[in-house]
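J.: Have a peek at upload_18.pdb (PDB, N, CA and C atoms, pLDDT in the B column).
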```pdb
ATOM      1  N   MET A   1     -76.023 -58.268  46.137  1.00 48.00           N
ATOM      2  CA  MET A   1     -74.896 -57.615  45.499  1.00 48.00           C
ATOM      3  C   MET A   1     -73.743 -57.556  46.507  1.00 48.00           C
ATOM      4  N   PRO A   2     -72.533 -57.944  46.109  1.00 56.00           N
ATOM      5  CA  PRO A   2     -71.403 -57.913  47.039  1.00 56.00           C
ATOM      6  C   PRO A   2     -71.021 -56.487  47.415  1.00 56.00           C
ATOM      7  N   THR A   3     -70.571 -56.344  48.645  1.00 68.00           N
ATOM      8  CA  THR A   3     -70.133 -55.038  49.117  1.00 68.00           C
ATOM      9  C   THR A   3     -68.735 -54.763  48.593  1.00 68.00           C
ATOM     10  N   SER A   4     -68.523 -53.566  48.043  1.00 75.00           N
ATOM     11  CA  SER A   4     -67.185 -53.228  47.568  1.00 75.00           C
ATOM     12  C   SER A   4     -66.406 -52.561  48.695  1.00 75.00           C
ATOM     13  N   HIS A   5     -65.145 -52.904  48.797  1.00 84.00           N
ATOM     14  CA  HIS A   5     -64.274 -52.348  49.818  1.00 84.00           C
ATOM     15  C   HIS A   5     -63.094 -51.672  49.135  1.00 84.00           C
ATOM     16  N   THR A   6     -62.578 -50.646  49.784  1.00 90.00           N
ATOM     17  CA  THR A   6     -61.366 -50.004  49.301  1.00 90.00           C
ATOM     18  C   THR A   6     -60.204 -50.449  50.173  1.00 90.00           C
ATOM     19  N   ILE A   7     -59.005 -50.222  49.703  1.00 92.00           N
ATOM     20  CA  ILE A   7     -57.824 -50.543  50.504  1.00 92.00           C
ATOM     21  C   ILE A   7     -57.885 -49.774  51.820  1.00 92.00           C
ATOM     22  N   GLY A   8     -58.270 -48.501  51.752  1.00 92.00           N
ATOM     23  CA  GLY A   8     -58.355 -47.687  52.965  1.00 92.00           C
ATOM     24  C   GLY A   8     -59.338 -48.246  53.975  1.00 92.00           C
ATOM     25  N   SER A   9     -60.506 -48.677  53.515  1.00 93.00           N
ATOM     26  CA  SER A   9     -61.498 -49.214  54.452  1.00 93.00           C
ATOM     27  C   SER A   9     -61.040 -50.541  55.044  1.00 93.00           C
ATOM     28  N   LEU A  10     -60.361 -51.359  54.248  1.00 94.00           N
ATOM     29  CA  LEU A  10     -59.849 -52.626  54.763  1.00 94.00           C
ATOM     30  C   LEU A  10     -58.741 -52.396  55.795  1.00 94.00           C
ATOM     31  N   VAL A  11     -57.859 -51.433  55.535  1.00 94.00           N
ATOM     32  CA  VAL A  11     -56.787 -51.116  56.487  1.00 94.00           C
ATOM     33  C   VAL A  11     -57.374 -50.585  57.789  1.00 94.00           C
ATOM     34  N   LEU A  12     -58.332 -49.665  57.702  1.00 95.00           N
ATOM     35  CA  LEU A  12     -58.947 -49.117  58.912  1.00 95.00           C
ATOM     36  C   LEU A  12     -59.689 -50.191  59.695  1.00 95.00           C
ATOM     37  N   ASP A  13     -60.362 -51.084  59.000  1.00 95.00           N
ATOM     38  CA  ASP A  13     -61.061 -52.176  59.675  1.00 95.00           C
ATOM     39  C   ASP A  13     -60.072 -53.062  60.425  1.00 95.00           C
ATOM     40  N   ARG A  14     -58.969 -53.385  59.776  1.00 97.00           N
ATOM     41  CA  ARG A  14     -57.958 -54.236  60.421  1.00 97.00           C
ATOM     42  C   ARG A  14     -57.326 -53.526  61.619  1.00 97.00           C
ATOM     43  N   LEU A  15     -57.004 -52.248  61.480  1.00 96.00           N
ATOM     44  CA  LEU A  15     -56.423 -51.492  62.593  1.00 96.00           C
ATOM     45  C   LEU A  15     -57.383 -51.435  63.775  1.00 96.00           C
ATOM     46  N   HIS A  16     -58.665 -51.268  63.483  1.00 97.00           N
ATOM     47  CA  HIS A  16     -59.666 -51.240  64.552  1.00 97.00           C
ATOM     48  C   HIS A  16     -59.737 -52.594  65.250  1.00 97.00           C
ATOM     49  N   ARG A  17     -59.700 -53.669  64.476  1.00 97.00           N
ATOM     50  CA  ARG A  17     -59.738 -55.013  65.074  1.00 97.00           C
ATOM     51  C   ARG A  17     -58.489 -55.307  65.903  1.00 97.00           C
ATOM     52  N   LEU A  18     -57.389 -54.655  65.575  1.00 98.00           N
ATOM     53  CA  LEU A  18     -56.158 -54.816  66.350  1.00 98.00           C
ATOM     54  C   LEU A  18     -56.158 -53.958  67.613  1.00 98.00           C
ATOM     55  N   GLY A  19     -57.188 -53.116  67.774  1.00 97.00           N
ATOM     56  CA  GLY A  19     -57.324 -52.332  68.994  1.00 97.00           C
ATOM     57  C   GLY A  19     -56.975 -50.863  68.865  1.00 97.00           C
ATOM     58  N   LEU A  20     -56.699 -50.390  67.655  1.00 97.00           N
ATOM     59  CA  LEU A  20     -56.373 -48.977  67.464  1.00 97.00           C
ATOM     60  C   LEU A  20     -57.596 -48.124  67.771  1.00 97.00           C
ATOM     61  N   LYS A  21     -57.416 -47.104  68.589  1.00 97.00           N
ATOM     62  CA  LYS A  21     -58.535 -46.230  68.951  1.00 97.00           C
ATOM     63  C   LYS A  21     -58.367 -44.814  68.424  1.00 97.00           C
ATOM     64  N   HIS A  22     -57.135 -44.387  68.185  1.00 96.00           N
ATOM     65  CA  HIS A  22     -56.851 -43.038  67.698  1.00 96.00           C
ATOM     66  C   HIS A  22     -55.843 -43.104  66.559  1.00 96.00           C
ATOM     67  N   ILE A  23     -55.997 -42.172  65.625  1.00 93.00           N
ATOM     68  CA  ILE A  23     -55.051 -42.070  64.520  1.00 93.00           C
ATOM     69  C   ILE A  23     -54.689 -40.599  64.372  1.00 93.00           C
ATOM     70  N   PHE A  24     -53.424 -40.324  64.189  1.00 92.00           N
ATOM     71  CA  PHE A  24     -52.934 -38.961  64.078  1.00 92.00           C
ATOM     72  C   PHE A  24     -52.644 -38.649  62.616  1.00 92.00           C
ATOM     73  N   GLY A  25     -52.891 -37.410  62.235  1.00 87.00           N
ATOM     74  CA  GLY A  25     -52.594 -37.046  60.858  1.00 87.00           C
ATOM     75  C   GLY A  25     -52.876 -35.590  60.578  1.00 87.00           C
ATOM     76  N   ILE A  26     -52.339 -35.149  59.467  1.00 87.00           N
ATOM     77  CA  ILE A  26     -52.552 -33.787  58.993  1.00 87.00           C
ATOM     78  C   ILE A  26     -53.415 -33.887  57.743  1.00 87.00           C
ATOM     79  N   PRO A  27     -54.655 -33.375  57.806  1.00 80.00           N
ATOM     80  CA  PRO A  27     -55.520 -33.453  56.633  1.00 80.00           C
ATOM     81  C   PRO A  27     -54.967 -32.610  55.484  1.00 80.00           C
ATOM     82  N   GLY A  28     -55.095 -33.121  54.311  1.00 84.00           N
ATOM     83  CA  GLY A  28     -54.698 -32.408  53.103  1.00 84.00           C
ATOM     84  C   GLY A  28     -55.460 -32.984  51.924  1.00 84.00           C
ATOM     85  N   ASP A  29     -55.397 -32.282  50.812  1.00 85.00           N
ATOM     86  CA  ASP A  29     -56.202 -32.716  49.671  1.00 85.00           C
ATOM     87  C   ASP A  29     -55.803 -34.089  49.144  1.00 85.00           C
ATOM     88  N   TYR A  30     -54.580 -34.519  49.396  1.00 86.00           N
ATOM     89  CA  TYR A  30     -54.125 -35.819  48.907  1.00 86.00           C
ATOM     90  C   TYR A  30     -54.628 -36.987  49.750  1.00 86.00           C
ATOM     91  N   VAL A  31     -55.186 -36.732  50.932  1.00 86.00           N
ATOM     92  CA  VAL A  31     -55.683 -37.813  51.797  1.00 86.00           C
ATOM     93  C   VAL A  31     -57.133 -37.592  52.241  1.00 86.00           C
ATOM     94  N   LEU A  32     -57.847 -36.715  51.569  1.00 89.00           N
ATOM     95  CA  LEU A  32     -59.223 -36.417  51.984  1.00 89.00           C
ATOM     96  C   LEU A  32     -60.114 -37.653  51.961  1.00 89.00           C
ATOM     97  N   SER A  33     -59.951 -38.505  50.981  1.00 89.00           N
ATOM     98  CA  SER A  33     -60.808 -39.699  50.927  1.00 89.00           C
ATOM     99  C   SER A  33     -60.522 -40.623  52.106  1.00 89.00           C
ATOM    100  N   LEU A  34     -59.267 -40.709  52.542  1.00 89.00           N
ATOM    101  CA  LEU A  34     -58.938 -41.520  53.716  1.00 89.00           C
ATOM    102  C   LEU A  34     -59.546 -40.903  54.971  1.00 89.00           C
ATOM    103  N   PHE A  35     -59.483 -39.586  55.105  1.00 90.00           N
ATOM    104  CA  PHE A  35     -60.062 -38.943  56.278  1.00 90.00           C
ATOM    105  C   PHE A  35     -61.581 -39.090  56.309  1.00 90.00           C
ATOM    106  N   GLN A  36     -62.218 -39.154  55.154  1.00 91.00           N
ATOM    107  CA  GLN A  36     -63.659 -39.421  55.121  1.00 91.00           C
ATOM    108  C   GLN A  36     -63.945 -40.819  55.649  1.00 91.00           C
ATOM    109  N   LEU A  37     -63.111 -41.778  55.296  1.00 92.00           N
ATOM    110  CA  LEU A  37     -63.281 -43.141  55.811  1.00 92.00           C
ATOM    111  C   LEU A  37     -63.046 -43.191  57.316  1.00 92.00           C
ATOM    112  N   ILE A  38     -62.063 -42.431  57.793  1.00 93.00           N
ATOM    113  CA  ILE A  38     -61.781 -42.393  59.233  1.00 93.00           C
ATOM    114  C   ILE A  38     -62.982 -41.837  59.987  1.00 93.00           C
ATOM    115  N   GLU A  39     -63.627 -40.800  59.445  1.00 92.00           N
ATOM    116  CA  GLU A  39     -64.810 -40.222  60.094  1.00 92.00           C
ATOM    117  C   GLU A  39     -65.935 -41.239  60.203  1.00 92.00           C
ATOM    118  N   GLU A  40     -66.035 -42.149  59.258  1.00 92.00           N
ATOM    119  CA  GLU A  40     -67.092 -43.165  59.258  1.00 92.00           C
ATOM    120  C   GLU A  40     -66.740 -44.372  60.122  1.00 92.00           C
ATOM    121  N   SER A  41     -65.493 -44.450  60.565  1.00 94.00           N
ATOM    122  CA  SER A  41     -65.050 -45.598  61.359  1.00 94.00           C
ATOM    123  C   SER A  41     -65.102 -45.262  62.847  1.00 94.00           C
ATOM    124  N   PRO A  42     -64.989 -46.263  63.705  1.00 95.00           N
ATOM    125  CA  PRO A  42     -64.969 -46.008  65.148  1.00 95.00           C
ATOM    126  C   PRO A  42     -63.635 -45.438  65.637  1.00 95.00           C
ATOM    127  N   ILE A  43     -62.641 -45.355  64.762  1.00 95.00           N
ATOM    128  CA  ILE A  43     -61.340 -44.791  65.125  1.00 95.00           C
ATOM    129  C   ILE A  43     -61.459 -43.274  65.158  1.00 95.00           C
ATOM    130  N   LYS A  44     -60.924 -42.660  66.204  1.00 95.00           N
ATOM    131  CA  LYS A  44     -60.976 -41.204  66.359  1.00 95.00           C
ATOM    132  C   LYS A  44     -59.746 -40.574  65.728  1.00 95.00           C
ATOM    133  N   HIS A  45     -59.955 -39.522  64.946  1.00 92.00           N
ATOM    134  CA  HIS A  45     -58.849 -38.793  64.325  1.00 92.00           C
ATOM    135  C   HIS A  45     -58.389 -37.683  65.257  1.00 92.00           C
ATOM    136  N   VAL A  46     -57.081 -37.579  65.423  1.00 93.00           N
ATOM    137  CA  VAL A  46     -56.480 -36.499  66.202  1.00 93.00           C
ATOM    138  C   VAL A  46     -55.657 -35.677  65.223  1.00 93.00           C
ATOM    139  N   GLY A  47     -56.132 -34.471  64.924  1.00 85.00           N
ATOM    140  CA  GLY A  47     -55.418 -33.607  63.989  1.00 85.00           C
ATOM    141  C   GLY A  47     -54.174 -33.017  64.624  1.00 85.00           C
ATOM    142  N   THR A  48     -53.112 -32.962  63.846  1.00 77.00           N
ATOM    143  CA  THR A  48     -51.866 -32.392  64.356  1.00 77.00           C
ATOM    144  C   THR A  48     -51.474 -31.186  63.558  1.00 77.00           C
TER
END
```
The structure given in the file should be rewritten as structure tokens.
T.:
Amino acid sequence: MPTSHTIGSLVLDRLHRLGLKHIFGIPGDYVLSLFQLIEESPIKHVGT
């Protein structure tokens, strides 16, 4: 069965491959699904 990807997971994967190690952001209900993807990725979230 093919693996399904979201736009968020594809963007995070590409950013990681480009060498991004940290991402800054303010968590809110409108981006919770993106922050869940960030937690699962090797990119570290820095809350502001």
J.: As a check of understanding, name the residues that the PyMOL selection byres ((chain A and resi 19-33) around 6.5) selects in the supplied structure, as a CSV table (one decimal) with N, CA and C atoms, keeping the file's coordinate frame.
T.:
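The result, written out as expr-v2.csv:
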```
chain,number,residue,atom,x,y,z
A,14,ARG,N,-59.0,-53.4,59.8
A,14,ARG,CA,-58.0,-54.2,60.4
A,14,ARG,C,-57.3,-53.5,61.6
A,15,LEU,N,-57.0,-52.2,61.5
A,15,LEU,CA,-56.4,-51.5,62.6
A,15,LEU,C,-57.4,-51.4,63.8
A,16,HIS,N,-58.7,-51.3,63.5
A,16,HIS,CA,-59.7,-51.2,64.6
A,16,HIS,C,-59.7,-52.6,65.2
A,17,ARG,N,-59.7,-53.7,64.5
A,17,ARG,CA,-59.7,-55.0,65.1
A,17,ARG,C,-58.5,-55.3,65.9
A,18,LEU,N,-57.4,-54.7,65.6
A,18,LEU,CA,-56.2,-54.8,66.4
A,18,LEU,C,-56.2,-54.0,67.6
A,34,LEU,N,-59.3,-40.7,52.5
A,34,LEU,CA,-58.9,-41.5,53.7
A,34,LEU,C,-59.5,-40.9,55.0
A,35,PHE,N,-59.5,-39.6,55.1
A,35,PHE,CA,-60.1,-38.9,56.3
A,35,PHE,C,-61.6,-39.1,56.3
A,36,GLN,N,-62.2,-39.2,55.2
A,36,GLN,CA,-63.7,-39.4,55.1
A,36,GLN,C,-63.9,-40.8,55.6
A,37,LEU,N,-63.1,-41.8,55.3
A,37,LEU,CA,-63.3,-43.1,55.8
A,37,LEU,C,-63.0,-43.2,57.3
A,38,ILE,N,-62.1,-42.4,57.8
A,38,ILE,CA,-61.8,-42.4,59.2
A,38,ILE,C,-63.0,-41.8,60.0
A,42,PRO,N,-65.0,-46.3,63.7
A,42,PRO,CA,-65.0,-46.0,65.1
A,42,PRO,C,-63.6,-45.4,65.6
A,43,ILE,N,-62.6,-45.4,64.8
A,43,ILE,CA,-61.3,-44.8,65.1
A,43,ILE,C,-61.5,-43.3,65.2
A,44,LYS,N,-60.9,-42.7,66.2
A,44,LYS,CA,-61.0,-41.2,66.4
A,44,LYS,C,-59.7,-40.6,65.7
A,45,HIS,N,-60.0,-39.5,64.9
A,45,HIS,CA,-58.8,-38.8,64.3
A,45,HIS,C,-58.4,-37.7,65.3
A,46,VAL,N,-57.1,-37.6,65.4
A,46,VAL,CA,-56.5,-36.5,66.2
A,46,VAL,C,-55.7,-35.7,65.2
A,47,GLY,N,-56.1,-34.5,64.9
A,47,GLY,CA,-55.4,-33.6,64.0
A,47,GLY,C,-54.2,-33.0,64.6
A,48,THR,N,-53.1,-33.0,63.8
A,48,THR,CA,-51.9,-32.4,64.4
A,48,THR,C,-51.5,-31.2,63.6
```
J.: If I wrap all listed atoms of region 28-31 of chain A in a box with edges along x, y and z and add 8 Å on each side, what are its centre and edge lengths in Å to one decimal, as lines of an AutoDock Vina configuration file?
T.:
```
center_x = -55.6
center_y = -35.0
center_z = 51.6
size_x = 19.0
size_y = 21.5
size_z = 21.4
```
J.: Apply DSSP to the backbone of this structure and, from chain A, keep only the residues in alpha helix (DSSP H); write these as a list of chain:residue names.
T.: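 Selection result, alpha helix (DSSP H) within chain A: A:Ile7, A:Gly8, A:Ser9, A:Leu10, A:Val11, A:Leu12, A:Asp13, A:Arg14, A:Leu15, A:His16, A:Arg17, A:Leu32, A:Ser33, A:Leu34, A:Phe35, A:Gln36, A:Leu37, A:Ile38, A:Glu39, A:Glu40.
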J.: Could you pull out the strand (DSSP E) residues of chain A, going by DSSP on the backbone, and write them as a PyMOL selection string?
T.: chain A and resi 22-25+44-47
J.: Separation of CA of Asp13 (chain A) and atom N of Glu40 (chain A), in Å?
T.: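 A separation of 11.2 Å between them.
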